[in-house]
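A quick write-up on the structure given underneath.
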Amino acid sequence: MPITYLDNAASSWPKPPEVKLAMAEVIEDYAANPGRGGHTLAMRAGKVLFQTRAQLSRLFGITNPNDLFFYMNATQALNQAIKGFLQPGDHVVTSFIEHNSVRRPLEYLRRTKGVQISYVQPREDQLFYTADFVKEIRPSTKLIVVSHASNVTGVILPIEEIGSEAGKRNISFLVDASQTAGVVPIDVEKMGIDMLAFPGHKGLYGPQGTGGLYVRNTIDLEPLIHGGTGSQSESVDQPVARPDRYESGTVNTVGLAGLLAGVTFVLEKGTEQIFQHEWKLAKRTMDGLKEISGVEIYGPDIDVERVGVVSFNIKGVDATEVSFILDQEYGIATRSGYHCSPLGHQAVGTEKRGAIRASFGMFNTEEDAQKLIQAIEEISAAYAAGEA
Ligand SMILES: Cc1ncc(COP(=O)(O)O)c(C=O)c1O
């Protein structure tokens with residue numbers, strides 16, 4: 001049975017063929033340790049890292065590529081930003097739809113360092129408003145951290161406006177671009193973003209095990225990991241020079257070569273075009289699902305632009321069961337459950353049951369959306385008739 005892959009919000013698949021080729025080339029030709037030797041192969045590996053940093057900087061409007069550090073995923077990047085920045089007693093404003101990769105480090109710091117947290121809720125229309133973030137600001141507010149878009153409802157937050165309000169008050173602004181990097185245009189200068197965490201394996205079409213963090217050069221984070229950097233090895237202290245300060249240990253050269261090919265693919269297509277493609281498929285899916293009796297779709301009004309994420313349930317039917325049937329009987333890969341965002345589910349009233357999530361990527365087609373709608377129609381009818 002051919003697979004219809006609708007789980008791109010977790011990891012994108014398939015990847016552009018260039019990604020596999022670039023990774024195979026490293027393994028076959030030059031998998032030496034970058035930055036740890038002056039020989040030809042080590043230099044070649046180092047050059048790939050440099051090019052990946054440069055392409056990502058182009059995509060995000062980052063002036064100095066050395067302000068961008070590589071990690072294994074968005075979670076590690078977010079941990080470095082949050083735990084490396086906040087001090088005891090600091091106050092943070094964040095949103096109700098944060099992924100656990102933001103919420104858990106924050107709650108950990110609340111327990112261990114007395115960091116205070118305010119969670120901003122979406123309004124009835126499931127949208128977020130800048131004024132609601134501004135209202136939570138206190139004299140002790142040091143950081144605003146928000147997802148650019150929710151992995152549950154697909155809602156896009158007003159990042160540029162929030163960044164501007166944070167900047168006016170000298171509050172640092174951290175954005176989790178897990179659902180938007182490579183999909184929604186991002187310019188760290190224009191949007192007032194001081195720190196940007198992103199995965200390489202979702203909308204940037206790189207492999208798993210890649211991700212990164214941009215940190216404005218006026219912010220000195222405490223490194224979370226200390227160790228060998230291939231530079232200033234005689235010193236017992238972590239180097240101050242970037243990116244070495246934040247990249248101890250051997251990096252994932254194979255993965256980053258793949259990420260370079262992925263980002264290059266994104267730059268060639270253009271994020272505007274990618275967004276329009278994914279939004280069109282999400283809208284097409286919602287238009288079809290809303291006609292099926294008993295189907296509930298979550299998030300903002302279906303005419304409001306969102307990233308390519310559609311969460312829904314069939315009334316009275318377990319989300320995991322539906323996802324299982326989609327996989328086993330229709331070859332459609334979706335994700336069910338809580339999507340690591342319990343508050344996001346609370347916001348839409350699915351905290352007790354979770355939801356089925358279909359998420360689109362650049363390689364999905366209208367046919368894929370139609371296949372899902374048809375399958376949900378059949379599953380829903382079967383349950384209604386008591387056959388399932
Ligand atoms: C909004 C959001 N933040 C963070 C993450 C974590 O990303 P990673 O798996 O790369 O750590 C995800 C992954 O689904 C996400 O959707």
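Residues in the structure tokens are named by chain (A, B, ... in the order shown) and by number from 1 within that chain; ligands are numbered from 1 in the order shown.
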
Hey, which residues come within 10 Å of ligand 1 if we count only C-alpha atoms and all ligand atoms? Could you give them as an MDAnalysis selection string? chainID A and resid 7:11 71:79 97:103 146:152 154 175:180 197:202 208:212 339:341

Using only C-alpha atoms, determine which residues lie at most 7 Å from stretch 353-358 of chain A, disregarding the query and same-chain residues fewer than 5 positions distant; provide the list as a ChimeraX atom specification. /A:6-7,309-313,319,323,334-338,345

Save the residues we just selected, N, CA, C and O atoms, as a PDB file, in the first residue's frame?
```pdb
ATOM      1  N   LEU A   6       1.249  12.254   6.303  1.00  0.00           N
ATOM      2  CA  LEU A   6       0.679  13.517   6.793  1.00  0.00           C
ATOM      3  C   LEU A   6       1.137  13.774   8.235  1.00  0.00           C
ATOM      4  O   LEU A   6       0.330  14.106   9.106  1.00  0.00           O
ATOM      5  N   ASP A   7       2.430  13.603   8.466  1.00  0.00           N
ATOM      6  CA  ASP A   7       2.977  13.852   9.809  1.00  0.00           C
ATOM      7  C   ASP A   7       4.200  14.760   9.714  1.00  0.00           C
ATOM      8  O   ASP A   7       5.189  14.570  10.423  1.00  0.00           O
ATOM      9  N   VAL A 309      -1.185  22.524   9.523  1.00  0.00           N
ATOM     10  CA  VAL A 309      -1.514  21.593  10.607  1.00  0.00           C
ATOM     11  C   VAL A 309      -3.035  21.606  10.812  1.00  0.00           C
ATOM     12  O   VAL A 309      -3.610  22.660  11.005  1.00  0.00           O
ATOM     13  N   VAL A 310      -3.645  20.424  10.753  1.00  0.00           N
ATOM     14  CA  VAL A 310      -5.095  20.344  10.975  1.00  0.00           C
ATOM     15  C   VAL A 310      -5.349  19.298  12.052  1.00  0.00           C
ATOM     16  O   VAL A 310      -5.070  18.110  11.853  1.00  0.00           O
ATOM     17  N   SER A 311      -5.886  19.741  13.199  1.00  0.00           N
ATOM     18  CA  SER A 311      -6.212  18.804  14.277  1.00  0.00           C
ATOM     19  C   SER A 311      -7.722  18.653  14.355  1.00  0.00           C
ATOM     20  O   SER A 311      -8.450  19.643  14.271  1.00  0.00           O
ATOM     21  N   PHE A 312      -8.169  17.431  14.538  1.00  0.00           N
ATOM     22  CA  PHE A 312      -9.614  17.188  14.530  1.00  0.00           C
ATOM     23  C   PHE A 312      -9.939  15.888  15.265  1.00  0.00           C
ATOM     24  O   PHE A 312      -9.045  15.113  15.602  1.00  0.00           O
ATOM     25  N   ASN A 313     -11.213  15.682  15.517  1.00  0.00           N
ATOM     26  CA  ASN A 313     -11.702  14.439  16.102  1.00  0.00           C
ATOM     27  C   ASN A 313     -13.015  14.041  15.431  1.00  0.00           C
ATOM     28  O   ASN A 313     -13.701  14.907  14.873  1.00  0.00           O
ATOM     29  N   ALA A 319      -9.238   9.150  19.340  1.00  0.00           N
ATOM     30  CA  ALA A 319      -8.319   9.700  18.325  1.00  0.00           C
ATOM     31  C   ALA A 319      -7.257   8.675  17.917  1.00  0.00           C
ATOM     32  O   ALA A 319      -6.930   8.534  16.732  1.00  0.00           O
ATOM     33  N   SER A 323      -6.430   7.191  14.154  1.00  0.00           N
ATOM     34  CA  SER A 323      -5.087   7.278  13.580  1.00  0.00           C
ATOM     35  C   SER A 323      -4.590   5.886  13.193  1.00  0.00           C
ATOM     36  O   SER A 323      -3.957   5.708  12.145  1.00  0.00           O
ATOM     37  N   THR A 334      -0.783   9.752  10.236  1.00  0.00           N
ATOM     38  CA  THR A 334      -1.117  10.970  10.989  1.00  0.00           C
ATOM     39  C   THR A 334      -0.590  10.779  12.400  1.00  0.00           C
ATOM     40  O   THR A 334      -0.068   9.710  12.730  1.00  0.00           O
ATOM     41  N   ARG A 335      -0.767  11.780  13.241  1.00  0.00           N
ATOM     42  CA  ARG A 335      -0.369  11.584  14.632  1.00  0.00           C
ATOM     43  C   ARG A 335      -1.577  11.841  15.521  1.00  0.00           C
ATOM     44  O   ARG A 335      -2.348  12.771  15.267  1.00  0.00           O
ATOM     45  N   SER A 336      -1.703  11.034  16.563  1.00  0.00           N
ATOM     46  CA  SER A 336      -2.813  11.292  17.493  1.00  0.00           C
ATOM     47  C   SER A 336      -2.251  11.478  18.885  1.00  0.00           C
ATOM     48  O   SER A 336      -1.095  11.159  19.146  1.00  0.00           O
ATOM     49  N   GLY A 337      -3.067  12.016  19.790  1.00  0.00           N
ATOM     50  CA  GLY A 337      -2.637  12.195  21.167  1.00  0.00           C
ATOM     51  C   GLY A 337      -2.556  13.656  21.518  1.00  0.00           C
ATOM     52  O   GLY A 337      -3.354  14.480  21.036  1.00  0.00           O
ATOM     53  N   TYR A 338      -1.543  13.984  22.321  1.00  0.00           N
ATOM     54  CA  TYR A 338      -1.455  15.342  22.896  1.00  0.00           C
ATOM     55  C   TYR A 338      -0.359  16.204  22.262  1.00  0.00           C
ATOM     56  O   TYR A 338      -0.194  17.353  22.616  1.00  0.00           O
ATOM     57  N   HIS A 345      -3.865  21.702  24.069  1.00  0.00           N
ATOM     58  CA  HIS A 345      -5.105  20.914  24.010  1.00  0.00           C
ATOM     59  C   HIS A 345      -6.157  21.466  24.966  1.00  0.00           C
ATOM     60  O   HIS A 345      -7.347  21.487  24.649  1.00  0.00           O
TER      61      HIS A 345
END
```

Pick out each residue of stretch 264-338 of chain A that DSSP on the backbone tags as helix (DSSP H, G or I); I need them as a PyMOL selection string. chain A and resi 264-269+271-289+319-330

Taking C-alpha atoms for each residue, export the selection above as a tab-separated table (two decimals), in the first residue's frame.
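Dumped to selection-v8.tsv:
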```
chain	number	residue	atom	x	y	z
A	264	THR	CA	19.07	25.25	-0.21
A	265	PHE	CA	15.90	23.53	-1.44
A	266	VAL	CA	13.81	25.87	0.75
A	267	LEU	CA	15.66	28.96	-0.46
A	268	GLU	CA	15.15	27.92	-4.07
A	269	LYS	CA	11.41	27.32	-3.61
A	271	THR	CA	9.07	30.30	1.95
A	272	GLU	CA	6.14	32.30	0.51
A	273	GLN	CA	5.47	29.59	-2.03
A	274	ILE	CA	5.94	26.80	0.50
A	275	PHE	CA	3.54	28.48	2.92
A	276	GLN	CA	0.89	28.99	0.26
A	277	HIS	CA	1.16	25.33	-0.79
A	278	GLU	CA	0.77	24.02	2.77
A	279	TRP	CA	-1.98	26.48	3.67
A	280	LYS	CA	-3.92	25.54	0.53
A	281	LEU	CA	-3.78	21.85	1.51
A	282	ALA	CA	-4.75	22.58	5.12
A	283	LYS	CA	-7.69	24.70	3.95
A	284	ARG	CA	-8.76	22.07	1.42
A	285	THR	CA	-8.68	19.44	4.19
A	286	MET	CA	-10.69	21.57	6.62
A	287	ASP	CA	-13.26	22.41	3.94
A	288	GLY	CA	-13.75	18.70	3.32
A	289	LEU	CA	-13.72	17.59	6.97
A	319	ALA	CA	-8.32	9.70	18.33
A	320	THR	CA	-5.67	6.98	18.61
A	321	GLU	CA	-8.06	4.42	17.16
A	322	VAL	CA	-8.79	6.64	14.16
A	323	SER	CA	-5.09	7.28	13.58
A	324	PHE	CA	-4.46	3.53	13.79
A	325	ILE	CA	-7.19	2.74	11.24
A	326	LEU	CA	-5.88	5.50	8.94
A	327	ASP	CA	-2.45	3.90	9.09
A	328	GLN	CA	-3.41	0.24	8.86
A	329	GLU	CA	-6.30	0.37	6.43
A	330	TYR	CA	-5.60	3.44	4.34
```

9 Å contact set for stretch 251-261 of chain A, only C-alpha atoms, chain neighbours under 2 positions out, as a PDB file with N, CA, C and O atoms, in the first residue's frame:
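Result went into around.pdb, see below:
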```pdb
ATOM      1  N   PRO A  16      13.995  16.072  -0.020  1.00  0.00           N
ATOM      2  CA  PRO A  16      14.472  16.264  -1.397  1.00  0.00           C
ATOM      3  C   PRO A  16      15.644  15.299  -1.650  1.00  0.00           C
ATOM      4  O   PRO A  16      16.451  15.065  -0.744  1.00  0.00           O
ATOM      5  N   PRO A  17      15.737  14.731  -2.845  1.00  0.00           N
ATOM      6  CA  PRO A  17      16.794  13.736  -3.112  1.00  0.00           C
ATOM      7  C   PRO A  17      18.203  14.275  -2.833  1.00  0.00           C
ATOM      8  O   PRO A  17      19.094  13.513  -2.447  1.00  0.00           O
ATOM      9  N   GLU A  18      18.400  15.572  -2.976  1.00  0.00           N
ATOM     10  CA  GLU A  18      19.741  16.147  -2.744  1.00  0.00           C
ATOM     11  C   GLU A  18      20.208  15.929  -1.299  1.00  0.00           C
ATOM     12  O   GLU A  18      21.410  15.914  -1.019  1.00  0.00           O
ATOM     13  N   VAL A  19      19.244  15.805  -0.384  1.00  0.00           N
ATOM     14  CA  VAL A  19      19.607  15.647   1.035  1.00  0.00           C
ATOM     15  C   VAL A  19      20.352  14.324   1.228  1.00  0.00           C
ATOM     16  O   VAL A  19      21.427  14.263   1.826  1.00  0.00           O
ATOM     17  N   LYS A  20      19.761  13.278   0.681  1.00  0.00           N
ATOM     18  CA  LYS A  20      20.388  11.947   0.797  1.00  0.00           C
ATOM     19  C   LYS A  20      21.762  11.944   0.105  1.00  0.00           C
ATOM     20  O   LYS A  20      22.746  11.422   0.645  1.00  0.00           O
ATOM     21  N   LEU A  21      21.826  12.552  -1.069  1.00  0.00           N
ATOM     22  CA  LEU A  21      23.091  12.560  -1.819  1.00  0.00           C
ATOM     23  C   LEU A  21      24.186  13.284  -1.052  1.00  0.00           C
ATOM     24  O   LEU A  21      25.323  12.823  -0.975  1.00  0.00           O
ATOM     25  N   ALA A  22      23.816  14.432  -0.457  1.00  0.00           N
ATOM     26  CA  ALA A  22      24.814  15.216   0.290  1.00  0.00           C
ATOM     27  C   ALA A  22      25.331  14.430   1.496  1.00  0.00           C
ATOM     28  O   ALA A  22      26.529  14.458   1.801  1.00  0.00           O
ATOM     29  N   MET A  23      24.409  13.710   2.155  1.00  0.00           N
ATOM     30  CA  MET A  23      24.817  12.938   3.335  1.00  0.00           C
ATOM     31  C   MET A  23      25.701  11.752   2.938  1.00  0.00           C
ATOM     32  O   MET A  23      26.709  11.467   3.583  1.00  0.00           O
ATOM     33  N   ALA A  24      25.322  11.102   1.847  1.00  0.00           N
ATOM     34  CA  ALA A  24      26.114   9.958   1.375  1.00  0.00           C
ATOM     35  C   ALA A  24      27.511  10.428   0.966  1.00  0.00           C
ATOM     36  O   ALA A  24      28.507   9.736   1.209  1.00  0.00           O
ATOM     37  N   GLU A  25      27.578  11.608   0.394  1.00  0.00           N
ATOM     38  CA  GLU A  25      28.873  12.149  -0.057  1.00  0.00           C
ATOM     39  C   GLU A  25      29.825  12.345   1.133  1.00  0.00           C
ATOM     40  O   GLU A  25      31.018  12.046   1.042  1.00  0.00           O
ATOM     41  N   VAL A  26      29.265  12.816   2.259  1.00  0.00           N
ATOM     42  CA  VAL A  26      30.125  12.983   3.447  1.00  0.00           C
ATOM     43  C   VAL A  26      30.677  11.631   3.870  1.00  0.00           C
ATOM     44  O   VAL A  26      31.888  11.472   4.072  1.00  0.00           O
ATOM     45  N   ILE A  27      29.780  10.655   4.005  1.00  0.00           N
ATOM     46  CA  ILE A  27      30.210   9.327   4.470  1.00  0.00           C
ATOM     47  C   ILE A  27      31.253   8.733   3.512  1.00  0.00           C
ATOM     48  O   ILE A  27      32.266   8.188   3.947  1.00  0.00           O
ATOM     49  N   ALA A  31      34.162  12.170   5.816  1.00  0.00           N
ATOM     50  CA  ALA A  31      33.579  12.232   7.156  1.00  0.00           C
ATOM     51  C   ALA A  31      34.650  12.426   8.235  1.00  0.00           C
ATOM     52  O   ALA A  31      34.671  11.724   9.250  1.00  0.00           O
ATOM     53  N   ALA A  32      35.485  13.404   8.052  1.00  0.00           N
ATOM     54  CA  ALA A  32      36.508  13.728   9.052  1.00  0.00           C
ATOM     55  C   ALA A  32      35.914  14.694  10.075  1.00  0.00           C
ATOM     56  O   ALA A  32      34.796  15.180   9.901  1.00  0.00           O
ATOM     57  N   ASN A  33      36.696  14.966  11.131  1.00  0.00           N
ATOM     58  CA  ASN A  33      36.160  15.786  12.222  1.00  0.00           C
ATOM     59  C   ASN A  33      36.409  17.283  11.959  1.00  0.00           C
ATOM     60  O   ASN A  33      37.550  17.734  11.972  1.00  0.00           O
ATOM     61  N   PRO A  34      35.358  18.060  11.736  1.00  0.00           N
ATOM     62  CA  PRO A  34      35.559  19.469  11.392  1.00  0.00           C
ATOM     63  C   PRO A  34      36.100  20.253  12.580  1.00  0.00           C
ATOM     64  O   PRO A  34      35.712  20.015  13.720  1.00  0.00           O
ATOM     65  N   ALA A  45      35.177  19.175   5.720  1.00  0.00           N
ATOM     66  CA  ALA A  45      34.034  19.013   6.635  1.00  0.00           C
ATOM     67  C   ALA A  45      33.691  20.365   7.268  1.00  0.00           C
ATOM     68  O   ALA A  45      32.521  20.735   7.382  1.00  0.00           O
ATOM     69  N   GLY A  46      34.734  21.106   7.666  1.00  0.00           N
ATOM     70  CA  GLY A  46      34.520  22.430   8.269  1.00  0.00           C
ATOM     71  C   GLY A  46      33.811  23.377   7.311  1.00  0.00           C
ATOM     72  O   GLY A  46      32.973  24.185   7.714  1.00  0.00           O
ATOM     73  N   VAL A  48      31.630  22.630   5.059  1.00  0.00           N
ATOM     74  CA  VAL A  48      30.193  22.326   5.004  1.00  0.00           C
ATOM     75  C   VAL A  48      29.453  22.993   6.167  1.00  0.00           C
ATOM     76  O   VAL A  48      28.370  23.546   5.996  1.00  0.00           O
ATOM     77  N   LEU A  49      30.065  22.958   7.339  1.00  0.00           N
ATOM     78  CA  LEU A  49      29.437  23.609   8.492  1.00  0.00           C
ATOM     79  C   LEU A  49      29.303  25.104   8.234  1.00  0.00           C
ATOM     80  O   LEU A  49      28.265  25.711   8.508  1.00  0.00           O
ATOM     81  N   GLN A  51      29.128  26.618   5.366  1.00  0.00           N
ATOM     82  CA  GLN A  51      28.100  26.880   4.341  1.00  0.00           C
ATOM     83  C   GLN A  51      26.686  26.712   4.910  1.00  0.00           C
ATOM     84  O   GLN A  51      25.772  27.466   4.558  1.00  0.00           O
ATOM     85  N   THR A  52      26.516  25.732   5.786  1.00  0.00           N
ATOM     86  CA  THR A  52      25.185  25.519   6.381  1.00  0.00           C
ATOM     87  C   THR A  52      24.800  26.720   7.240  1.00  0.00           C
ATOM     88  O   THR A  52      23.680  27.227   7.167  1.00  0.00           O
ATOM     89  N   ARG A  53      25.761  27.186   8.045  1.00  0.00           N
ATOM     90  CA  ARG A  53      25.504  28.385   8.865  1.00  0.00           C
ATOM     91  C   ARG A  53      25.152  29.576   7.972  1.00  0.00           C
ATOM     92  O   ARG A  53      24.247  30.352   8.265  1.00  0.00           O
ATOM     93  N   GLN A  55      23.888  29.593   4.843  1.00  0.00           N
ATOM     94  CA  GLN A  55      22.574  29.466   4.185  1.00  0.00           C
ATOM     95  C   GLN A  55      21.438  29.706   5.182  1.00  0.00           C
ATOM     96  O   GLN A  55      20.447  30.364   4.853  1.00  0.00           O
ATOM     97  N   LEU A  56      21.577  29.178   6.385  1.00  0.00           N
ATOM     98  CA  LEU A  56      20.545  29.402   7.399  1.00  0.00           C
ATOM     99  C   LEU A  56      20.458  30.888   7.745  1.00  0.00           C
ATOM    100  O   LEU A  56      19.372  31.435   7.945  1.00  0.00           O
ATOM    101  N   PHE A  70      24.727  24.984  16.272  1.00  0.00           N
ATOM    102  CA  PHE A  70      24.029  23.757  15.888  1.00  0.00           C
ATOM    103  C   PHE A  70      23.738  22.878  17.105  1.00  0.00           C
ATOM    104  O   PHE A  70      24.573  22.707  17.987  1.00  0.00           O
ATOM    105  N   TYR A  71      22.522  22.314  17.073  1.00  0.00           N
ATOM    106  CA  TYR A  71      22.118  21.340  18.096  1.00  0.00           C
ATOM    107  C   TYR A  71      21.438  20.168  17.414  1.00  0.00           C
ATOM    108  O   TYR A  71      21.221  20.192  16.209  1.00  0.00           O
ATOM    109  N   MET A  72      21.041  19.185  18.229  1.00  0.00           N
ATOM    110  CA  MET A  72      20.444  17.986  17.635  1.00  0.00           C
ATOM    111  C   MET A  72      18.995  18.176  17.217  1.00  0.00           C
ATOM    112  O   MET A  72      18.454  17.418  16.419  1.00  0.00           O
ATOM    113  N   GLY A 200      16.030  21.137  12.328  1.00  0.00           N
ATOM    114  CA  GLY A 200      16.439  21.000  10.930  1.00  0.00           C
ATOM    115  C   GLY A 200      15.587  19.983  10.191  1.00  0.00           C
ATOM    116  O   GLY A 200      15.568  19.937   8.973  1.00  0.00           O
ATOM    117  N   HIS A 201      14.848  19.154  10.968  1.00  0.00           N
ATOM    118  CA  HIS A 201      14.219  17.962  10.374  1.00  0.00           C
ATOM    119  C   HIS A 201      12.750  18.134  10.017  1.00  0.00           C
ATOM    120  O   HIS A 201      12.081  17.171   9.659  1.00  0.00           O
ATOM    121  N   LEU A 204      12.699  22.505   7.224  1.00  0.00           N
ATOM    122  CA  LEU A 204      13.958  22.783   6.527  1.00  0.00           C
ATOM    123  C   LEU A 204      14.435  21.546   5.752  1.00  0.00           C
ATOM    124  O   LEU A 204      15.471  21.586   5.088  1.00  0.00           O
ATOM    125  N   TYR A 205      13.712  20.457   5.888  1.00  0.00           N
ATOM    126  CA  TYR A 205      13.939  19.235   5.092  1.00  0.00           C
ATOM    127  C   TYR A 205      15.290  18.569   5.308  1.00  0.00           C
ATOM    128  O   TYR A 205      15.746  17.786   4.470  1.00  0.00           O
ATOM    129  N   GLY A 206      15.943  18.888   6.424  1.00  0.00           N
ATOM    130  CA  GLY A 206      17.167  18.177   6.772  1.00  0.00           C
ATOM    131  C   GLY A 206      16.818  16.882   7.495  1.00  0.00           C
ATOM    132  O   GLY A 206      15.638  16.576   7.713  1.00  0.00           O
ATOM    133  N   PRO A 207      17.841  16.108   7.885  1.00  0.00           N
ATOM    134  CA  PRO A 207      17.582  14.855   8.600  1.00  0.00           C
ATOM    135  C   PRO A 207      17.347  15.081  10.095  1.00  0.00           C
ATOM    136  O   PRO A 207      17.649  16.163  10.621  1.00  0.00           O
ATOM    137  N   GLN A 208      16.837  14.063  10.759  1.00  0.00           N
ATOM    138  CA  GLN A 208      16.724  14.117  12.222  1.00  0.00           C
ATOM    139  C   GLN A 208      18.133  14.213  12.808  1.00  0.00           C
ATOM    140  O   GLN A 208      19.093  13.782  12.185  1.00  0.00           O
ATOM    141  N   GLY A 209      18.216  14.800  13.999  1.00  0.00           N
ATOM    142  CA  GLY A 209      19.535  15.011  14.607  1.00  0.00           C
ATOM    143  C   GLY A 209      20.129  16.353  14.211  1.00  0.00           C
ATOM    144  O   GLY A 209      21.320  16.590  14.425  1.00  0.00           O
ATOM    145  N   THR A 210      19.303  17.226  13.624  1.00  0.00           N
ATOM    146  CA  THR A 210      19.798  18.570  13.292  1.00  0.00           C
ATOM    147  C   THR A 210      18.820  19.630  13.806  1.00  0.00           C
ATOM    148  O   THR A 210      17.618  19.406  13.874  1.00  0.00           O
ATOM    149  N   GLY A 211      19.394  20.776  14.156  1.00  0.00           N
ATOM    150  CA  GLY A 211      18.603  21.908  14.643  1.00  0.00           C
ATOM    151  C   GLY A 211      19.561  23.016  14.997  1.00  0.00           C
ATOM    152  O   GLY A 211      20.792  22.853  14.862  1.00  0.00           O
ATOM    153  N   GLU A 247      29.216  25.045  21.177  1.00  0.00           N
ATOM    154  CA  GLU A 247      29.228  23.810  20.375  1.00  0.00           C
ATOM    155  C   GLU A 247      30.357  22.876  20.805  1.00  0.00           C
ATOM    156  O   GLU A 247      31.277  22.603  20.033  1.00  0.00           O
ATOM    157  N   SER A 248      30.287  22.403  22.036  1.00  0.00           N
ATOM    158  CA  SER A 248      31.324  21.465  22.488  1.00  0.00           C
ATOM    159  C   SER A 248      31.044  20.067  21.943  1.00  0.00           C
ATOM    160  O   SER A 248      29.893  19.657  21.846  1.00  0.00           O
ATOM    161  N   GLY A 249      32.105  19.371  21.621  1.00  0.00           N
ATOM    162  CA  GLY A 249      31.956  18.009  21.112  1.00  0.00           C
ATOM    163  C   GLY A 249      31.793  18.009  19.603  1.00  0.00           C
ATOM    164  O   GLY A 249      31.529  19.037  18.988  1.00  0.00           O
ATOM    165  N   VAL A 263      18.034  23.265   3.292  1.00  0.00           N
ATOM    166  CA  VAL A 263      17.840  24.729   3.329  1.00  0.00           C
ATOM    167  C   VAL A 263      17.977  25.313   1.925  1.00  0.00           C
ATOM    168  O   VAL A 263      17.240  26.240   1.550  1.00  0.00           O
ATOM    169  N   THR A 264      18.893  24.759   1.160  1.00  0.00           N
ATOM    170  CA  THR A 264      19.074  25.248  -0.209  1.00  0.00           C
ATOM    171  C   THR A 264      17.800  25.001  -1.020  1.00  0.00           C
ATOM    172  O   THR A 264      17.339  25.867  -1.764  1.00  0.00           O
ATOM    173  N   PHE A 265      17.191  23.844  -0.806  1.00  0.00           N
ATOM    174  CA  PHE A 265      15.901  23.531  -1.442  1.00  0.00           C
ATOM    175  C   PHE A 265      14.843  24.570  -1.043  1.00  0.00           C
ATOM    176  O   PHE A 265      14.114  25.104  -1.882  1.00  0.00           O
ATOM    177  N   VAL A 266      14.800  24.887   0.250  1.00  0.00           N
ATOM    178  CA  VAL A 266      13.814  25.869   0.753  1.00  0.00           C
ATOM    179  C   VAL A 266      14.066  27.251   0.145  1.00  0.00           C
ATOM    180  O   VAL A 266      13.131  27.926  -0.307  1.00  0.00           O
TER     181      VAL A 266
END
```

Running DSSP on the backbone, which parts of stretch 174-219 of chain A land in strand (DSSP E or B), as a list of chain:residue names?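 Matching residues for strand (DSSP E or B) in stretch 174-219 of chain A are A:Leu174, A:Val175, A:Asp176, A:Met195, A:Leu196, A:Ala197, A:Phe198, A:Pro199, A:Gly211, A:Gly212, A:Leu213, A:Tyr214, A:Val215.
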
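Computed from the coordinates, the atom CA of A:Gln121 to atom CA of A:Phe133 distance equals 9.1 Å.
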
Best match for closeness to A:Tyr214 among A:Ile144, A:Ile62, A:Val304, A:Ala54, counting only C-alpha atoms: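 The shortest atom-to-atom distance to A:Tyr214 comes from A:Ile62.
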
Using Å and a single decimal, report how far atom CA of A:Val188 sits from atom CA of A:His91. 22.9 Å

Excluding A:Phe60 and its own-chain neighbours fewer than 2 positions away, which residues fall within 6 Å of it when counting only C-alpha atoms? Please give them as a VMD selection string. chain A and resid 57 to 58 62 186 to 187

Generate the output file for the selected residues, all heavy atoms, as an mmCIF file, in the first residue's frame.
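Printed below is again23.cif as written:
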```cif
data_model
loop_
_atom_site.group_PDB
_atom_site.id
_atom_site.type_symbol
_atom_site.label_atom_id
_atom_site.label_comp_id
_atom_site.auth_asym_id
_atom_site.auth_seq_id
_atom_site.Cartn_x
_atom_site.Cartn_y
_atom_site.Cartn_z
ATOM 1 N N SER A 57 21.615 31.537 7.801
ATOM 2 C CA SER A 57 21.642 32.977 8.115
ATOM 3 C C SER A 57 20.926 33.751 7.021
ATOM 4 O O SER A 57 20.195 34.707 7.295
ATOM 5 C CB SER A 57 23.080 33.468 8.267
ATOM 6 O OG SER A 57 23.681 32.798 9.353
ATOM 7 N N ARG A 58 21.136 33.343 5.789
ATOM 8 C CA ARG A 58 20.430 33.988 4.668
ATOM 9 C C ARG A 58 18.925 33.844 4.843
ATOM 10 O O ARG A 58 18.169 34.790 4.681
ATOM 11 C CB ARG A 58 20.840 33.273 3.373
ATOM 12 C CG ARG A 58 21.340 34.182 2.293
ATOM 13 C CD ARG A 58 21.679 33.372 1.062
ATOM 14 N NE ARG A 58 20.635 33.473 0.075
ATOM 15 C CZ ARG A 58 20.470 32.616 -0.932
ATOM 16 N NH1 ARG A 58 21.267 31.578 -1.062
ATOM 17 N NH2 ARG A 58 19.503 32.781 -1.799
ATOM 18 N N ILE A 62 20.057 36.682 9.401
ATOM 19 C CA ILE A 62 21.074 36.803 10.463
ATOM 20 C C ILE A 62 22.344 37.392 9.849
ATOM 21 O O ILE A 62 22.819 36.907 8.817
ATOM 22 C CB ILE A 62 21.363 35.408 11.071
ATOM 23 C CG1 ILE A 62 20.117 34.890 11.794
ATOM 24 C CG2 ILE A 62 22.578 35.440 12.002
ATOM 25 C CD1 ILE A 62 20.160 33.402 12.115
ATOM 26 N N ILE A 186 10.902 34.404 7.965
ATOM 27 C CA ILE A 186 11.410 34.872 9.267
ATOM 28 C C ILE A 186 12.594 35.780 9.011
ATOM 29 O O ILE A 186 13.512 35.428 8.265
ATOM 30 C CB ILE A 186 11.866 33.684 10.154
ATOM 31 C CG1 ILE A 186 10.663 32.804 10.523
ATOM 32 C CG2 ILE A 186 12.572 34.182 11.421
ATOM 33 C CD1 ILE A 186 11.023 31.546 11.298
ATOM 34 N N ASP A 187 12.558 36.958 9.635
ATOM 35 C CA ASP A 187 13.698 37.877 9.565
ATOM 36 C C ASP A 187 13.946 38.365 10.985
ATOM 37 O O ASP A 187 13.135 39.116 11.541
ATOM 38 C CB ASP A 187 13.364 39.054 8.637
ATOM 39 C CG ASP A 187 14.555 39.987 8.467
ATOM 40 O OD1 ASP A 187 15.194 40.326 9.477
ATOM 41 O OD2 ASP A 187 14.844 40.364 7.321
#
```

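Within 12 Å of A:Lys135, once only C-alpha atoms are used and residues closer than 5 positions along the same chain are dropped, the contacting residues are A:Val93, A:Thr94, A:Ser118, A:Tyr119, A:Val120, A:Gln121, A:Tyr129, A:Thr130, A:Thr141, A:Ile162, A:Glu165, A:Ala166.
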